[in-house]
Amino acid sequence: MKSIKEHMMFILPLMAMLIGVEFILIFNRVTTSYEQKLKNEYAILVVSKKQLSTPIARGVSSKIDSVEAMNREDIAKEVTSGMQDTAMVAIMKDLPYFYRIHLNRYLSLEELKDIQAKLKGIDGVLNVEIFGENYHSKHTMFRLVKLILNIFIIMLFVVSIFLVVKQMEVWQLAHKDRMKIMEIFGAPMMLRSGILFKIAFIDAIIATLLNIGIFVYLNISWAKSSDINFIKENQGALINVSDFILMLFTAIVIVSVSVFIVAVQSSEVPEG
């Protein structure tokens, strides 16, 4: 029972670190997907006396993807609704051109303002609307959520690595006699710590498998039954096969570093 408890004291912090790594991967994928959705739905509105084409717009910024002309007749019909047909003819003569400008990626508000200023410099352009307030609120929300998540993951990682190292020290004390005998026979530091690495490596595999099971369950069961539409739409972003390899690699790196730290600390302790 004591042995199981000791292993759980190592496995649980390791799982916490791996969950943090996976959350970062998932958040980056979901953020990229959501930014792509925002980019597709967003457009800069341009009013111009002269016709505007995609090459002209791209000439002021490579971040512009395309220029979509809005139907002037539809706009004129809305303006002259309930009026005589002659009014529409008169308005059409003086009505400027309206365009939606689509971007090739999700930009910050500062980048949008820069594009706005450049578009206003094009001959014939009367007005450029970037809908900055709404855009800025979404962008700020993204940055805030990402900052909070990163801070939480860093704190979780630091506390977990501390617990892992402490548990490694407990195992080092439990096997100190065997390690001392190997030292007497001239075994190098890392060879003396082989038993620690073996135990930690097995627990790293167990922690990785448990994490894989958790995220596979969340992806298969929870995501499908979730009431959050965005989660359902981006179910494929919640888990990736490459994540399993990365989790195992991360776990091995963590236990290797932990074994090295404990081995160095024990070798520096003078004999009483």
# chains A, B, ... in the order shown; residues from 1 in each chain; ligands from 1
>>> residues_around(residues="Lys49 in chain A", least_positions_apart="2", cutoff="8 Å", atoms="only C-alpha atoms", output="compact mmCIF listing (two decimals) with N, CA and C atoms, in the first residue's frame")
# COMPACT_ATOMS: atom_id res chain seq x y z
N VAL A 47 -15.51 52.71 -48.86
CA VAL A 47 -16.36 53.50 -49.75
C VAL A 47 -15.45 54.33 -50.64
N GLN A 51 -13.47 52.76 -58.81
CA GLN A 51 -13.48 51.31 -58.63
C GLN A 51 -12.16 50.85 -58.01
N PRO A 96 -21.43 56.17 -54.52
CA PRO A 96 -20.06 55.66 -54.61
C PRO A 96 -20.04 54.13 -54.66
N TYR A 97 -18.85 53.58 -54.81
CA TYR A 97 -18.68 52.13 -54.82
C TYR A 97 -18.42 51.66 -53.38
N GLY A 124 -9.35 58.39 -54.48
CA GLY A 124 -10.77 58.13 -54.67
C GLY A 124 -11.46 57.51 -53.47
N VAL A 125 -10.71 57.00 -52.50
CA VAL A 125 -11.31 56.38 -51.32
C VAL A 125 -11.89 57.47 -50.41
N LEU A 126 -13.17 57.31 -50.07
CA LEU A 126 -13.86 58.30 -49.24
C LEU A 126 -13.84 57.93 -47.76
>>> residues_around(residues="Ile205 in chain A", least_positions_apart="3", cutoff="12 Å", atoms="only C-alpha atoms", output="PyMOL selection string")
chain A and resi 10-11+14-15+18+198-202+208-212+244-245+247-255
>>> closest_residue(among="A:Met168, A:Ala57, A:Ala16, A:Ala207", to="Leu156 in chain A", atoms="only C-alpha atoms")
A:Ala16
>>> residues_around(residues="Thr32 in chain A", least_positions_apart="3", cutoff="12 Å", atoms="only C-alpha atoms", output="count of residues only")
15
